[in-house]
Every structure is written in C-alpha cells, then in structure tokens.
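Report on the structure given below.
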Amino acid sequence: MPRIEELPDDPPAAPPPSAPADSPSTAPALPPAIADIRSQSTADFLASMSRMPLFGSSLSELDPDQLSALTALAYEGTPGEIASNFKEQGNDAYRHSFHRDAAAFYTKALSVAGLPADDPLREQCLANRAAANLELGNYGSVLRDCSEALKLNPRNVKAHYRSASALAALQRWEEAALLAQKGLALDPANAPLRSLLARAEAGVAKAEEKRLAAQRLQEQKHRDAAALRVALRRLGIKARRSEAAGRPDLEGHAVKLDADGTLVLPTIVLYPLAAQSDFIPTWREDETAEERLGMQALAEPPPWDERREYAWKSVEVFMETVAGGLVKVGKKVPLGEALGGGKVEVVDDLVKLMVVPRGRRDVWIDEWKKRRS
C-alpha cells in the first residue's frame with residue numbers, strides 16, 4: 001500500500017496569476033496516488049480510508065480478501081497463544097461492560113482446537129465467562145461454568161463467589177451460603193464473600209420463617225376444616241362442592257365458624273318473580289329470616305318493588321330440596337335449624353333462599369313443578 005503523504009494547506013482565495021500559455025510549468029508533478037487523493041471529495045476520501053483494515057470501523061466494510069486475512073490472523077500461533085488472545089479480548093470487552101461480547105470471546109478461547117484439557121487458560125476463561133453471564137442474568141450458565149472451573153481448580157475463590165452469587169439471585173439461599181463458606185475457607189478476608197454470606201444467611205432465616213408461617217397456616221386450615229365438619233354434623237346440614245367451572249364467585253366468603261364457634265353461612269336471597277337478588281355474606285346459624293330480611297333487607301319496600309307486593313308480611317320464603325322440590329322456611333326459624341334434617345343442602349358454600357309474594361305463590365309453585373318435571 002503506497003504511503004499517504006501529508007496534504008497541503010488549502011489554496012488562498014485568490015488564485016495566483018497563471019503562466020503564459022506557451023511557457024512550460026515549473027512545478028514538479030505529484031505522484032499518481034497523491035494526485036488521485038487531491039481529486040477526491042472529503043466524503044470519498046473517508047470512505048476509502050474506512051476500507052483499509054487499519055482505519056476501518058466495521059468488519060462489514062472490508063472486502064472478502066481482507067476479512068479472510070484478518071480471520072486467519074486471529075488464529076495464528078500456538079493453541080495457547082490463540083486462546084490467550086481471545087481471553088484478552090474478552091477481558092477488554094468486559095471492562096467496557098460489553099458482557100455479551102465478552103462471553104463470546106471466552107467461548108472462542110475455550111473452543112480453540114488443541115488447547116490442553118488442563119491448561120490454566122480453561123479455568124480462567126470458564127470463571128471469566130461466568131462473570132459475564134452473571135451480569136447478563138444467565139444464572140444456569142454461571143453455575144455450569146463455575147462447576148467446571150472448580151473441577152479444574154477447587155481453590156478458585158472467584159468461581160466460589162460467582163457461583164454463590166448466582167444461587168443467591170435464584171434465592172437458593174442454603175446452597176449460596178455453603179459456597180460462600182467454602183470460598184471464605186480459602187480466603188477468610190474476602191469482603192465480597194463475607195457480604196454475600198451474610199445476605200445468604202439472612203435469606204435462609206427469612207425462608208425458614210416463611211416456611212414455618214405457611215406450615216402454621218396449613219395446620220390452622222386443617223383444624224378449621226375439622227371444626228367446621230363437626231359443626232355441620234351437629235346441625236345435620238348437608239354440604240357439597242359442585243364442578244369448579246360452575247362455582248359462584250363469593251368474593252372470598254365461605255361457610256365458616258366465627259370466633260365463638262357459631263356457623264356463618266353466605267346466603268343469596270332470590271326474588272324470582274322480580275328478577276332481583278340480595279347477597280348476605282354473614283348470615284349466622286342462629287339468625288332467622290325475620291331478623292335478616294324482615295328487619296333489614298325488606299324492612300322498607302325495595303326500590304324495584306313498583307307494585308308494593310314485597311312487604312315482609314306479604315311474602316313467603318322457600319328453599320329447594322335435594323330432590324328438586326320446594327320447602328317453606330318459617331320466618332322465625334333459625335337458618336341452621338331450617339337447613340338441618342337432610343332435606344336441603346348447601347352447595348359451594350352458598351345457601352339459596354327464594355322470596356315470593358303470597359298472592360302469586362301458587363302460580364309460581366305450579367310453574368316450578370312444571371319446569372322440574
């Protein structure tokens with residue numbers, strides 16, 4: 001490649017007087033390469049420079065022959081020299097926070113043909129690739145590389161630290177603490193390892209606390225379920241669950257025992273002839289329809305009762321039986337007693353009551369029987 005000489009300064013604004021047409025020029029002729037450069041624009045000159053390997057900013061700007069030459073150059077030397085070159089490029093990329101590129105260079109170093117299995121470069125590149133992948137959040141790769149590095153050198157403190165860091169990121173606290181302890185056994189004064197061990201031990205303690213809390217909660221659920229079964233048997237109430245897809249959304253409410261052991265039953269009150277309903281999530285076993293409806297829900301005519309036929313004294317309350325029939329509910333009978341006896345059942349933690357005007361009761365019952373038949 002011809003040497004590029006320094007370009008002269010720009011000519012002055014006013015051109016010098018030209019020599020007579022018949023007098024020969026006294027200026028020496030420029031070499032062809034320099035003459036060609038002077039004839040180029042600035043943009044063309046920079047473009048031509050970018051195609052030279054020394055000045056190029058991207059491999060894609062090189063022609064195939066130049067690219068092949070550079071690729072061959074990267075693989076010149078002994079396997080150890082080639083791997084060392086790739087490792088240094090990886091280190092440089094890592095220092096500039098190009099972690100993905102760094103991992104790729106370390107992989108190239110580890111892939112060099114002929115590199116001995118016990119060459120220290122392997123251990124170094126495995127540990128360094130683990131560092132790059134730790135920054136990228138590729139924790140599985142970190143654990144695999146550190147495991148291989150520790151097989152080659154069980155005293156590699158950095159591999160212990162990076163492996164423990166990946167385990168901590170995965171909240172595998174006990175394993176992280178164990179790796180940190182092993183690293184500190186090799187380097188007791190290592191501050192990052194001491195900090196990591198403290199964090200891992202705190203994670204172990206918190207995880208144990210969480211486990212015990214979950215265990216206590218599960219045990220309490222079992223006790224509550226057992227007490228609930230006893231209460232249902234005491235009252236003679238049947239209860240069952242339907243298919244999951246058809247269960248109503250009770251917004252977290254369910255049949256349960258309150259603090260004094262009284263059964264609480266979520267109840268939906270249907271007004272089938274008015275296409276209306278009320279949901280009462282905390283109807284206690286000892287409360288009657290008189291108390292929960294006559295004194296509350298129907299104490300005043302509901303806004304949808306345009307015919308004024310749902311006055312409490314003018315309605316009757318029913319429940320559907322297990323066989324699909326109807327049973328009348330006494331207004332002063334506690335709900336627990338009304339549900340006992342085995343004729344009705346509680347399905348999916350929900351009691352269903354139906355309220356109809358007394359004047360239209362017989363017509364409604366006839367229609368019910370026709371639908372059921």
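Residues are referred to by chain and number: the chain letter is A, B, ... according to the order shown in the structure tokens, the number counts from 1 in that chain, and ligands are numbered separately from 1 in the order shown.
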- request: From a DSSP calculation on the backbone, collect every residue of range 102-314 of chain A in helix (DSSP H, G or I) and output the set as a ChimeraX atom specification.
  value: /A:102-110,120-136,139-152,157-169,173-186,191-235,244-246,289-297,312-314
- request: For Thr78 in chain A, work out the shell of residues within 12 Å, counting only C-alpha atoms and skipping chain neighbours fewer than 5 positions away, then give it as a ChimeraX atom specification.
  value: /A:83-85,112-116
Output file for the residues above (C-alpha atoms, as a CSV table (one decimal), in the first residue's frame):
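New file selection.csv:
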chain,number,residue,atom,x,y,z
A,83,ALA,CA,-6.8,-18.8,23.3
A,84,SER,CA,-4.9,-16.2,25.3
A,85,ASN,CA,-5.6,-13.6,22.6
A,112,VAL,CA,-9.6,-23.4,20.3
A,113,ALA,CA,-8.6,-26.8,18.9
A,114,GLY,CA,-5.6,-28.4,20.5
A,115,LEU,CA,-5.8,-26.4,23.8
A,116,PRO,CA,-4.8,-29.0,26.5
Shell of 8 Å around range 172-187 of chain A, only C-alpha atoms, local chain residues under 2 positions omitted, as a PyMOL selection string: chain A and resi 155+157+160-161+163-170+189-190+193-194+196-197+200-201+203-204
Could you turn the residues from that selection into a file that holds all heavy atoms, as a short mmCIF file (atom, residue, chain, number, x, y, z; two decimals), in the first residue's frame?
data_model
loop_
_atom_site.label_atom_id
_atom_site.label_comp_id
_atom_site.auth_asym_id
_atom_site.auth_seq_id
_atom_site.Cartn_x
_atom_site.Cartn_y
_atom_site.Cartn_z
N ARG A 155 -9.64 -24.48 44.35
CA ARG A 155 -9.27 -23.33 45.18
C ARG A 155 -9.55 -22.00 44.49
O ARG A 155 -9.10 -20.95 44.94
CB ARG A 155 -7.79 -23.42 45.57
CG ARG A 155 -7.43 -24.67 46.36
CD ARG A 155 -5.98 -24.65 46.80
NE ARG A 155 -5.72 -23.53 47.70
CZ ARG A 155 -5.99 -23.53 49.00
NH1 ARG A 155 -6.54 -24.60 49.57
NH2 ARG A 155 -5.70 -22.48 49.75
N VAL A 157 -11.26 -18.98 44.17
CA VAL A 157 -12.16 -18.20 45.03
C VAL A 157 -13.21 -17.46 44.21
O VAL A 157 -14.39 -17.37 44.60
CB VAL A 157 -11.34 -17.21 45.89
CG1 VAL A 157 -12.27 -16.30 46.70
CG2 VAL A 157 -10.40 -17.97 46.81
N HIS A 160 -16.05 -19.66 43.35
CA HIS A 160 -16.94 -19.83 44.51
C HIS A 160 -17.87 -18.62 44.64
O HIS A 160 -19.08 -18.77 44.87
CB HIS A 160 -16.11 -19.99 45.79
CG HIS A 160 -15.55 -21.37 45.98
ND1 HIS A 160 -14.33 -21.75 45.50
CD2 HIS A 160 -16.07 -22.46 46.60
CE1 HIS A 160 -14.10 -23.02 45.83
NE2 HIS A 160 -15.13 -23.47 46.50
N TYR A 161 -17.29 -17.44 44.54
CA TYR A 161 -18.09 -16.22 44.71
C TYR A 161 -19.17 -16.10 43.63
O TYR A 161 -20.34 -15.80 43.93
CB TYR A 161 -17.18 -14.99 44.68
CG TYR A 161 -17.95 -13.69 44.69
CD1 TYR A 161 -18.51 -13.21 45.87
CD2 TYR A 161 -18.14 -12.96 43.51
CE1 TYR A 161 -19.24 -12.03 45.88
CE2 TYR A 161 -18.87 -11.78 43.52
CZ TYR A 161 -19.42 -11.32 44.71
OH TYR A 161 -20.15 -10.17 44.71
N SER A 163 -20.49 -18.42 41.67
CA SER A 163 -21.49 -19.47 41.81
C SER A 163 -22.45 -19.15 42.95
O SER A 163 -23.67 -19.27 42.81
CB SER A 163 -20.80 -20.82 42.06
OG SER A 163 -21.74 -21.86 42.10
N ALA A 164 -21.91 -18.69 44.07
CA ALA A 164 -22.76 -18.32 45.22
C ALA A 164 -23.65 -17.14 44.86
O ALA A 164 -24.82 -17.08 45.28
CB ALA A 164 -21.89 -17.98 46.42
N SER A 165 -23.15 -16.20 44.08
CA SER A 165 -23.95 -15.05 43.66
C SER A 165 -25.12 -15.48 42.79
O SER A 165 -26.24 -14.97 42.92
CB SER A 165 -23.07 -14.05 42.91
OG SER A 165 -22.07 -13.51 43.74
N ALA A 166 -24.86 -16.42 41.87
CA ALA A 166 -25.94 -16.92 41.01
C ALA A 166 -27.00 -17.64 41.84
O ALA A 166 -28.21 -17.47 41.63
CB ALA A 166 -25.37 -17.85 39.95
N LEU A 167 -26.56 -18.44 42.81
CA LEU A 167 -27.51 -19.15 43.68
C LEU A 167 -28.33 -18.16 44.51
O LEU A 167 -29.53 -18.36 44.72
CB LEU A 167 -26.74 -20.11 44.60
CG LEU A 167 -26.13 -21.32 43.90
CD1 LEU A 167 -25.14 -22.03 44.81
CD2 LEU A 167 -27.21 -22.30 43.43
N ALA A 168 -27.70 -17.09 44.97
CA ALA A 168 -28.43 -16.07 45.74
C ALA A 168 -29.47 -15.39 44.87
O ALA A 168 -30.59 -15.11 45.31
CB ALA A 168 -27.46 -15.05 46.31
N ALA A 169 -29.11 -15.11 43.61
CA ALA A 169 -30.06 -14.49 42.70
C ALA A 169 -31.26 -15.39 42.45
O ALA A 169 -32.38 -14.91 42.21
CB ALA A 169 -29.38 -14.16 41.37
N LEU A 170 -31.04 -16.69 42.53
CA LEU A 170 -32.14 -17.66 42.35
C LEU A 170 -32.84 -17.97 43.68
O LEU A 170 -33.73 -18.81 43.73
CB LEU A 170 -31.58 -18.96 41.76
CG LEU A 170 -31.01 -18.86 40.34
CD1 LEU A 170 -30.27 -20.14 39.97
CD2 LEU A 170 -32.12 -18.58 39.34
N ALA A 189 -10.46 -13.28 54.45
CA ALA A 189 -10.58 -11.82 54.48
C ALA A 189 -11.34 -11.27 53.28
O ALA A 189 -11.46 -10.05 53.13
CB ALA A 189 -9.19 -11.19 54.55
N ASN A 190 -11.87 -12.12 52.43
CA ASN A 190 -12.54 -11.67 51.20
C ASN A 190 -13.84 -10.95 51.54
O ASN A 190 -14.83 -11.57 51.96
CB ASN A 190 -12.81 -12.88 50.30
CG ASN A 190 -13.26 -12.47 48.92
OD1 ASN A 190 -14.31 -11.87 48.75
ND2 ASN A 190 -12.46 -12.79 47.92
N LEU A 193 -17.16 -11.89 49.60
CA LEU A 193 -17.69 -13.19 50.03
C LEU A 193 -18.33 -13.09 51.42
O LEU A 193 -19.37 -13.70 51.68
CB LEU A 193 -16.57 -14.22 50.06
CG LEU A 193 -16.35 -15.03 48.77
CD1 LEU A 193 -15.12 -15.90 48.88
CD2 LEU A 193 -17.57 -15.88 48.44
N ARG A 194 -17.74 -12.30 52.31
CA ARG A 194 -18.31 -12.12 53.65
C ARG A 194 -19.68 -11.45 53.55
O ARG A 194 -20.63 -11.83 54.24
CB ARG A 194 -17.36 -11.32 54.53
CG ARG A 194 -16.05 -12.03 54.83
CD ARG A 194 -15.08 -11.12 55.58
NE ARG A 194 -15.54 -10.89 56.94
CZ ARG A 194 -15.25 -11.68 57.97
NH1 ARG A 194 -14.50 -12.77 57.77
NH2 ARG A 194 -15.68 -11.42 59.17
N LEU A 196 -21.67 -11.48 50.93
CA LEU A 196 -22.59 -12.43 50.29
C LEU A 196 -23.05 -13.49 51.28
O LEU A 196 -24.23 -13.88 51.28
CB LEU A 196 -21.89 -13.08 49.09
CG LEU A 196 -22.71 -14.11 48.29
CD1 LEU A 196 -24.00 -13.49 47.78
CD2 LEU A 196 -21.89 -14.64 47.13
N LEU A 197 -22.15 -13.97 52.13
CA LEU A 197 -22.53 -14.96 53.14
C LEU A 197 -23.58 -14.40 54.09
O LEU A 197 -24.56 -15.08 54.43
CB LEU A 197 -21.29 -15.42 53.92
CG LEU A 197 -21.57 -16.40 55.07
CD1 LEU A 197 -22.23 -17.67 54.54
CD2 LEU A 197 -20.28 -16.73 55.82
N ALA A 200 -26.84 -14.33 52.29
CA ALA A 200 -27.38 -15.69 52.12
C ALA A 200 -27.95 -16.22 53.43
O ALA A 200 -29.02 -16.83 53.45
CB ALA A 200 -26.28 -16.62 51.59
N GLU A 201 -27.24 -15.97 54.54
CA GLU A 201 -27.74 -16.44 55.84
C GLU A 201 -29.03 -15.73 56.22
O GLU A 201 -29.95 -16.35 56.80
CB GLU A 201 -26.67 -16.22 56.91
CG GLU A 201 -25.48 -17.17 56.75
CD GLU A 201 -24.39 -16.91 57.77
OE1 GLU A 201 -24.33 -15.77 58.30
OE2 GLU A 201 -23.58 -17.83 58.03
N GLY A 203 -31.17 -14.68 54.02
CA GLY A 203 -32.16 -15.31 53.14
C GLY A 203 -32.61 -16.65 53.67
O GLY A 203 -33.80 -16.99 53.59
N VAL A 204 -31.66 -17.43 54.24
CA VAL A 204 -32.02 -18.72 54.83
C VAL A 204 -33.00 -18.52 55.98
O VAL A 204 -34.02 -19.22 56.10
CB VAL A 204 -30.75 -19.45 55.33
CG1 VAL A 204 -31.12 -20.66 56.17
CG2 VAL A 204 -29.90 -19.89 54.15
#
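Closest approach to Leu265 in chain A from the set A:Val317, A:Leu228, A:Ile365, A:Ala213 is made by A:Leu228, with distances taken over only C-alpha atoms.
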task: Going by DSSP on the backbone, which bits of range 160-349 of chain A are strand (DSSP E or B)? Write them as a PyMOL selection string, please.
output: chain A and resi 238-240+256-257+263-271+276-284+288+315-320+326-329+334+345-347
task: Fewer than 4 positions away in the same chain doesn't count, so skip those; otherwise give me all residues within 12 Å of Ala259 in chain A, counting only C-alpha atoms, as a count of residues only.
output: 4
Non-local contacts of range 103-111 of chain A (7 Å; only C-alpha atoms; under 5 positions in same chain excluded) as a ChimeraX atom specification: /A:83-84,86-87,89-90,122,125,129,132-133
Keeping only N, CA and C atoms, write those residues as an mmCIF file, in the first residue's frame.
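After the write, again.cif holds the following:
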data_model
loop_
_atom_site.group_PDB
_atom_site.id
_atom_site.type_symbol
_atom_site.label_atom_id
_atom_site.label_comp_id
_atom_site.auth_asym_id
_atom_site.auth_seq_id
_atom_site.Cartn_x
_atom_site.Cartn_y
_atom_site.Cartn_z
ATOM 1 N N ALA A 83 -5.821 -18.913 22.223
ATOM 2 C CA ALA A 83 -6.780 -18.838 23.321
ATOM 3 C C ALA A 83 -6.515 -17.631 24.206
ATOM 4 N N SER A 84 -5.236 -17.336 24.451
ATOM 5 C CA SER A 84 -4.870 -16.186 25.283
ATOM 6 C C SER A 84 -5.309 -14.886 24.618
ATOM 7 N N PHE A 86 -7.880 -14.493 22.572
ATOM 8 C CA PHE A 86 -9.334 -14.370 22.717
ATOM 9 C C PHE A 86 -9.705 -14.000 24.161
ATOM 10 N N LYS A 87 -8.966 -14.570 25.108
ATOM 11 C CA LYS A 87 -9.250 -14.238 26.515
ATOM 12 C C LYS A 87 -9.019 -12.762 26.782
ATOM 13 N N GLN A 89 -9.180 -10.328 24.637
ATOM 14 C CA GLN A 89 -10.270 -9.567 24.001
ATOM 15 C C GLN A 89 -11.532 -9.630 24.861
ATOM 16 N N GLY A 90 -11.769 -10.794 25.449
ATOM 17 C CA GLY A 90 -12.909 -10.913 26.354
ATOM 18 C C GLY A 90 -12.763 -10.026 27.571
ATOM 19 N N ARG A 122 -8.155 -22.557 30.532
ATOM 20 C CA ARG A 122 -9.532 -23.076 30.574
ATOM 21 C C ARG A 122 -10.234 -22.640 31.869
ATOM 22 N N CYS A 125 -10.876 -18.842 31.691
ATOM 23 C CA CYS A 125 -11.942 -18.452 30.763
ATOM 24 C C CYS A 125 -13.309 -18.915 31.261
ATOM 25 N N ARG A 129 -16.069 -16.233 31.923
ATOM 26 C CA ARG A 129 -17.364 -16.309 31.232
ATOM 27 C C ARG A 129 -18.508 -16.339 32.246
ATOM 28 N N ALA A 132 -19.247 -12.775 33.151
ATOM 29 C CA ALA A 132 -20.027 -12.082 32.121
ATOM 30 C C ALA A 132 -21.485 -12.523 32.162
ATOM 31 N N ASN A 133 -21.703 -13.824 32.294
ATOM 32 C CA ASN A 133 -23.080 -14.324 32.325
ATOM 33 C C ASN A 133 -23.805 -13.929 33.608
#
message: If I take CA of Gly140 in chain A and CA of Asn128 in chain A, how far is one from the other in Å, to one decimal?
response: 14.7 Å
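Proximity of A:Leu136, A:Gln124, A:Leu326, A:Arg229 to His99 in chain A, computed with only C-alpha atoms, is greatest for A:Leu136.
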